[in-house]
Every structure is written in C-alpha cells, then in structure tokens.
Amino acid sequence: SKMTTLRRFVCDDLFKIANINLDVLTETYNLGFYLQYMAKWPDYFTVAEDPNGILMGYIMGKAEGEGERWHGHVTALTVAPEYRKIGLAGKFMGILEDVSEKIYDGYFVDLYVRYSNVVAIGMYKKFGYTIYRQVIGYYSGEEDAYDMRKALPRDVEKKSVIPLPHPVYPSELD
C-alpha cells in the first residue's frame with residue numbers, strides 16, 4: 001500500500017512492537033537482543049509503519065559464516081495480523097536480500113521456520129527459498145525447524161542450496 005513507510009528500526013520502535021509480537025508464532029526477544037541487532041546490523045533491521053505511526057511489521061537479520069558459508073540470515077520476520085496479505089513480507093525479504101548481496105556480498109540468505117508452519121514455508125517457497133535441511137528439536141527441543149535457503153548471485157553454481165540428505169541436530173549447526 002502506498003501509504004506504508006519502510007524505514008530503519010530505531011529505539012522508539014521497541015515500545016511500539018507489542019501489537020506485532022502478540023502473535024503466538026512470533027518469537028519475542030528481550031530488549032538487549034533487539035538493541036544488539038540495531039547496533040551491529042542496522043542495515044538489516046527494517047520496520048513498516050502505517051500513516052498513523054502504527055508499526056505493521058519488521059524484519060531483523062545479520063551477516064554470518066566463514067568463507068563460502070558467508071551469508072545473510074533472517075533472525076525474525078513478522079507482520080501484524082491486520083496487515084497481512086498486502087505484500088509486506090515480500091518487501092521485507094527483498095530488502096534483506098539486497099543488503100546481503102550488495103552490502104555484505106553474501107553467498108546466500110537463510111532462515112529457520114517451524115516444521116509445522118505450513119503457511120510460512122509456502123510463502124518462503126514463493127520467494128524462491130528451498131529446504132536445505134531439517135534441524136531436529138531446534139525450537140526449545142520440542143519442534144523441528146527447516147533451514148531454508150536462497151542462493152545469491154555470488155554463489156554462481158548455487159552450491160549453498162544443495163539439500164542435505166539427512167536431518168541434523170542443533171549441536172551440529174555452524
């Protein structure tokens with residue numbers, strides 16, 4: 001929608017994200033966690049605001065990994081229920097992918113999603129992500145995650161997205 005503003009997340013936003021984080025599928029982090037991301041990876045922390053200054057959603061991420069495993073990671077992507085289905089998630093992911101490619105020169109973007117979150121898995125597939133591996137008990141030891149990836153132009157041969165044939169445990173993640 002044309003009245004939506006996409007901008008960098010700022011400290012004041014921390015007091016406005018409660019409406020977004022009420023969704024049960026959204027992981028809520030402590031204040032220090034958000035501040036750390038704002039300080040270290042500000043390019044990756046984007047918020048959408050409606051004309052009345054109400055936050056509609058946000059994305060936060062980081063760059064990590066060694067060598068050919070250097071990549072952009074989606075730590076959290078969430079859109080408030082009343083603002084879903086208007087393309088915000090796609091805009092957020094596009095920004096994060098651009099930052100990963102143009103600023104950090106990563107090989108791929110990855111994210112973790114609950115095994116049971118069929119809607120999110122379908123959405124990420126629509127954005128060009130594929131399931132790279134299954135991580136056993138990733139969510140508090142109770143639920144598995146899919147590690148989904150999308151290769152960036154630097155990964156010319158798309159080696160980063162060749163799926164692993166067997167599940168892994170969180171202790172095996174690099």
# chains A, B, ... in the order shown; residues from 1 in each chain; ligands from 1
>>> residues_around(residues="Asp98 (chain A)", least_positions_apart="5", cutoff="12 Å", atoms="only C-alpha atoms", output="MDAnalysis selection string")
chainID A and resid 43:44 71:72 91:93 103:109 152:153
>>> write_last_selection(atoms="C-alpha atoms", output="PDB file, in the first residue's frame")
ATOM      1  CA  ASP A  43      21.087  -2.200   7.613  1.00  0.00           C
ATOM      2  CA  TYR A  44      19.229  -5.434   8.312  1.00  0.00           C
ATOM      3  CA  HIS A  71      25.549 -15.322   4.238  1.00  0.00           C
ATOM      4  CA  GLY A  72      22.633 -13.173   5.300  1.00  0.00           C
ATOM      5  CA  LYS A  91       9.139  -6.306   0.524  1.00  0.00           C
ATOM      6  CA  PHE A  92      10.979  -7.064   3.784  1.00  0.00           C
ATOM      7  CA  MET A  93      12.668 -10.135   2.292  1.00  0.00           C
ATOM      8  CA  ILE A 103      26.445  -4.528   1.290  1.00  0.00           C
ATOM      9  CA  TYR A 104      27.719  -7.824   2.709  1.00  0.00           C
ATOM     10  CA  ASP A 105      28.432  -9.730  -0.538  1.00  0.00           C
ATOM     11  CA  GLY A 106      26.969 -12.974   0.811  1.00  0.00           C
ATOM     12  CA  TYR A 107      26.608 -16.291  -0.963  1.00  0.00           C
ATOM     13  CA  PHE A 108      23.042 -16.959   0.174  1.00  0.00           C
ATOM     14  CA  VAL A 109      20.270 -15.991   2.583  1.00  0.00           C
ATOM     15  CA  LEU A 152      22.562 -15.013  -4.123  1.00  0.00           C
ATOM     16  CA  PRO A 153      24.394 -14.080  -7.368  1.00  0.00           C
TER      17      PRO A 153
END
>>> residues_around(residues="region 46-50 of chain A", least_positions_apart="5", cutoff="8 Å", atoms="only C-alpha atoms", output="list of chain:residue names")
A:Met3, A:Thr4, A:Thr5, A:Leu6, A:Arg7, A:Arg8, A:Phe9, A:Leu55, A:Met56, A:Gly57, A:Tyr58, A:Ile59, A:Met60, A:Leu88, A:Phe92
>>> write_last_selection(atoms="all heavy atoms", output="CSV table (one decimal), in the first residue's frame")
chain,number,residue,atom,x,y,z
A,3,MET,N,0.7,4.1,1.3
A,3,MET,CA,0.9,4.9,2.5
A,3,MET,C,1.8,4.3,3.5
A,3,MET,O,2.0,4.7,4.6
A,3,MET,CB,-0.4,5.2,3.1
A,3,MET,CG,-1.4,6.1,2.2
A,3,MET,SD,-0.6,7.6,1.6
A,3,MET,CE,-0.4,8.5,3.2
A,4,THR,N,2.4,3.1,3.2
A,4,THR,CA,3.3,2.5,4.1
A,4,THR,C,4.7,3.0,4.0
A,4,THR,O,5.2,3.2,2.9
A,4,THR,CB,3.3,0.9,3.7
A,4,THR,OG1,2.0,0.4,3.8
A,4,THR,CG2,4.2,0.2,4.7
A,5,THR,N,5.3,3.3,5.1
A,5,THR,CA,6.7,3.7,5.2
A,5,THR,C,7.6,2.6,5.6
A,5,THR,O,7.3,2.0,6.6
A,5,THR,CB,6.8,4.9,6.2
A,5,THR,OG1,5.9,5.9,5.8
A,5,THR,CG2,8.3,5.5,6.1
A,6,LEU,N,8.6,2.3,4.8
A,6,LEU,CA,9.6,1.3,5.2
A,6,LEU,C,10.8,2.1,5.6
A,6,LEU,O,11.3,2.9,4.8
A,6,LEU,CB,9.9,0.3,4.1
A,6,LEU,CG,8.8,-0.6,3.7
A,6,LEU,CD1,9.0,-1.3,2.4
A,6,LEU,CD2,8.7,-1.7,4.8
A,7,ARG,N,11.3,1.8,6.8
A,7,ARG,CA,12.5,2.6,7.3
A,7,ARG,C,13.3,1.8,8.3
A,7,ARG,O,12.9,0.7,8.7
A,7,ARG,CB,12.0,3.9,7.9
A,7,ARG,CG,11.1,3.7,9.1
A,7,ARG,CD,10.9,4.9,10.0
A,7,ARG,NE,9.9,4.8,11.0
A,7,ARG,CZ,10.1,4.1,12.1
A,7,ARG,NH1,11.3,3.6,12.4
A,7,ARG,NH2,9.1,4.0,13.0
A,8,ARG,N,14.4,2.3,8.6
A,8,ARG,CA,15.3,1.7,9.6
A,8,ARG,C,14.6,1.7,11.0
A,8,ARG,O,14.0,2.6,11.4
A,8,ARG,CB,16.6,2.4,9.7
A,8,ARG,CG,17.7,1.7,10.5
A,8,ARG,CD,19.0,2.3,10.3
A,8,ARG,NE,19.6,1.9,9.1
A,8,ARG,CZ,20.9,2.2,8.7
A,8,ARG,NH1,21.7,2.9,9.5
A,8,ARG,NH2,21.4,1.8,7.6
A,9,PHE,N,14.8,0.6,11.7
A,9,PHE,CA,14.3,0.4,13.1
A,9,PHE,C,15.1,1.4,14.0
A,9,PHE,O,16.3,1.4,13.9
A,9,PHE,CB,14.5,-1.0,13.5
A,9,PHE,CG,13.7,-1.5,14.7
A,9,PHE,CD1,12.5,-2.1,14.5
A,9,PHE,CD2,14.1,-1.2,16.0
A,9,PHE,CE1,11.8,-2.6,15.6
A,9,PHE,CE2,13.4,-1.7,17.1
A,9,PHE,CZ,12.2,-2.3,16.9
A,55,LEU,N,3.1,0.5,14.0
A,55,LEU,CA,4.0,-0.4,13.3
A,55,LEU,C,3.3,-1.6,12.7
A,55,LEU,O,2.4,-2.2,13.4
A,55,LEU,CB,5.1,-0.9,14.3
A,55,LEU,CG,6.1,0.1,14.8
A,55,LEU,CD1,7.3,-0.5,15.4
A,55,LEU,CD2,6.5,1.1,13.7
A,56,MET,N,3.6,-2.0,11.5
A,56,MET,CA,2.9,-3.0,10.8
A,56,MET,C,3.6,-4.3,10.8
A,56,MET,O,3.1,-5.4,10.7
A,56,MET,CB,2.6,-2.6,9.3
A,56,MET,CG,1.9,-1.2,9.3
A,56,MET,SD,2.1,-0.4,7.6
A,56,MET,CE,1.0,-1.5,6.6
A,57,GLY,N,4.9,-4.2,10.9
A,57,GLY,CA,5.8,-5.4,10.9
A,57,GLY,C,7.2,-5.0,10.9
A,57,GLY,O,7.6,-3.8,10.8
A,58,TYR,N,8.1,-6.0,11.0
A,58,TYR,CA,9.6,-5.7,11.0
A,58,TYR,C,10.3,-6.9,10.5
A,58,TYR,O,9.8,-8.1,10.6
A,58,TYR,CB,10.1,-5.2,12.3
A,58,TYR,CG,10.0,-6.2,13.5
A,58,TYR,CD1,11.0,-7.1,13.7
A,58,TYR,CD2,8.9,-6.1,14.3
A,58,TYR,CE1,10.9,-8.0,14.8
A,58,TYR,CE2,8.8,-7.0,15.4
A,58,TYR,CZ,9.8,-8.0,15.6
A,58,TYR,OH,9.7,-8.8,16.6
A,59,ILE,N,11.5,-6.7,10.1
A,59,ILE,CA,12.5,-7.8,9.8
A,59,ILE,C,13.8,-7.5,10.5
A,59,ILE,O,14.2,-6.3,10.5
A,59,ILE,CB,12.6,-8.0,8.3
A,59,ILE,CG1,13.3,-9.4,8.0
A,59,ILE,CG2,13.3,-6.8,7.6
A,59,ILE,CD1,13.3,-9.8,6.5
A,60,MET,N,14.4,-8.5,11.0
A,60,MET,CA,15.8,-8.3,11.6
A,60,MET,C,16.7,-9.4,11.1
A,60,MET,O,16.2,-10.5,10.9
A,60,MET,CB,15.8,-8.1,13.1
A,60,MET,CG,15.1,-9.2,13.8
A,60,MET,SD,14.7,-8.8,15.6
A,60,MET,CE,16.3,-8.7,16.3
A,88,LEU,N,3.8,-7.1,2.4
A,88,LEU,CA,4.9,-6.6,3.2
A,88,LEU,C,6.0,-7.6,3.4
A,88,LEU,O,7.2,-7.2,3.4
A,88,LEU,CB,4.3,-6.2,4.6
A,88,LEU,CG,3.7,-4.8,4.8
A,88,LEU,CD1,3.3,-4.6,6.2
A,88,LEU,CD2,4.7,-3.8,4.4
A,92,PHE,N,10.0,-6.9,2.8
A,92,PHE,CA,11.0,-7.1,3.8
A,92,PHE,C,12.1,-8.0,3.3
A,92,PHE,O,13.3,-7.7,3.5
A,92,PHE,CB,10.4,-7.6,5.1
A,92,PHE,CG,9.7,-6.6,5.9
A,92,PHE,CD1,8.5,-7.0,6.6
A,92,PHE,CD2,10.2,-5.4,6.2
A,92,PHE,CE1,7.8,-6.0,7.4
A,92,PHE,CE2,9.6,-4.5,7.0
A,92,PHE,CZ,8.4,-4.8,7.6
>>> closest_residue(among="A:Ile131, A:Met123, A:Leu77, A:Ala63", to="Val99 (chain A)", atoms="only C-alpha atoms")
A:Ala63
>>> closest_residue(among="A:Leu35, A:Ala89, A:Ala151, A:Leu14", to="Tyr129 (chain A)", atoms="only C-alpha atoms")
A:Ala151
>>> select_by_dssp(residues="region 12-168 of chain A", states="helix (DSSP H, G or I)", output="ChimeraX atom specification")
/A:12-15,18-21,31-40,42-44,67-69,81-83,88-103,118-126,159-161
>>> write_last_selection(atoms="C-alpha atoms", output="CSV table (one decimal), in the first residue's frame")
chain,number,residue,atom,x,y,z
A,12,ASP,CA,11.5,4.2,20.0
A,13,ASP,CA,10.1,1.4,17.9
A,14,LEU,CA,10.9,-1.0,20.8
A,15,PHE,CA,7.9,0.5,22.6
A,18,ALA,CA,3.9,-5.2,21.2
A,19,ASN,CA,0.9,-5.4,18.8
A,20,ILE,CA,3.1,-7.3,16.3
A,21,ASN,CA,4.7,-9.7,18.9
A,31,LEU,CA,15.4,-5.7,24.9
A,32,GLY,CA,19.1,-6.3,24.8
A,33,PHE,CA,18.7,-8.7,21.9
A,34,TYR,CA,16.9,-6.0,19.8
A,35,LEU,CA,19.5,-3.4,20.8
A,36,GLN,CA,22.4,-5.6,19.8
A,37,TYR,CA,20.9,-6.1,16.3
A,38,MET,CA,20.3,-2.3,16.0
A,39,ALA,CA,23.9,-1.6,16.9
A,40,LYS,CA,25.6,-4.4,14.9
A,42,PRO,CA,21.3,-1.6,11.4
A,43,ASP,CA,21.1,-2.2,7.6
A,44,TYR,CA,19.2,-5.4,8.3
A,67,GLY,CA,34.3,-18.5,3.5
A,68,GLU,CA,31.6,-19.8,1.2
A,69,ARG,CA,29.2,-20.1,4.1
A,81,PRO,CA,-2.2,-9.9,11.6
A,82,GLU,CA,-4.3,-7.0,10.4
A,83,TYR,CA,-1.6,-6.0,7.9
A,88,LEU,CA,4.9,-6.6,3.2
A,89,ALA,CA,6.7,-9.9,3.9
A,90,GLY,CA,7.9,-9.9,0.3
A,91,LYS,CA,9.1,-6.3,0.5
A,92,PHE,CA,11.0,-7.1,3.8
A,93,MET,CA,12.7,-10.1,2.3
A,94,GLY,CA,13.6,-8.2,-0.8
A,95,ILE,CA,15.4,-5.5,1.3
A,96,LEU,CA,17.2,-8.2,3.4
A,97,GLU,CA,18.3,-10.0,0.2
A,98,ASP,CA,19.6,-6.7,-1.3
A,99,VAL,CA,21.5,-5.9,1.9
A,100,SER,CA,23.0,-9.4,1.9
A,101,GLU,CA,24.1,-9.1,-1.7
A,102,LYS,CA,25.1,-5.5,-2.1
A,103,ILE,CA,26.4,-4.5,1.3
A,118,VAL,CA,2.9,-24.6,6.6
A,119,VAL,CA,1.8,-21.1,5.7
A,120,ALA,CA,5.3,-19.6,6.2
A,121,ILE,CA,7.0,-22.5,4.4
A,122,GLY,CA,4.7,-21.9,1.4
A,123,MET,CA,5.4,-18.2,1.5
A,124,TYR,CA,9.2,-18.6,1.5
A,125,LYS,CA,9.0,-21.1,-1.3
A,126,LYS,CA,7.1,-18.5,-3.3
A,159,LYS,CA,26.2,-24.9,-4.2
A,160,SER,CA,24.8,-23.3,-1.0
A,161,VAL,CA,21.3,-24.6,-1.6
>>> select_by_dssp(residues="region 17-166 of chain A", states="strand (DSSP E or B)", output="PyMOL selection string")
chain A and resi 46-49+55-64+71-79+108-114+130-139+143-151
>>> residues_around(residues="Arg133 (chain A)", least_positions_apart="6", cutoff="9 Å", atoms="only C-alpha atoms", output="PyMOL selection string")
chain A and resi 145-148+163-168
>>> closest_residue(among="A:Trp41, A:Tyr169, A:Trp70, A:Tyr112", to="Tyr132 (chain A)", atoms="only C-alpha atoms")
A:Tyr112
>>> atom_distance(atom1="CA of Glu66 (chain A)", atom2="CA of Lys158 (chain A)")
16.6 Å
>>> closest_residue(among="A:Arg114, A:Ser140, A:Pro170, A:Arg149", to="Gly128 (chain A)", atoms="only C-alpha atoms")
A:Arg149
>>> atom_distance(atom1="CA of Val113 (chain A)", atom2="CA of Glu157 (chain A)")
24.9 Å
>>> atom_distance(atom1="CA of Gly53 (chain A)", atom2="CA of Lys16 (chain A)")
9.2 Å
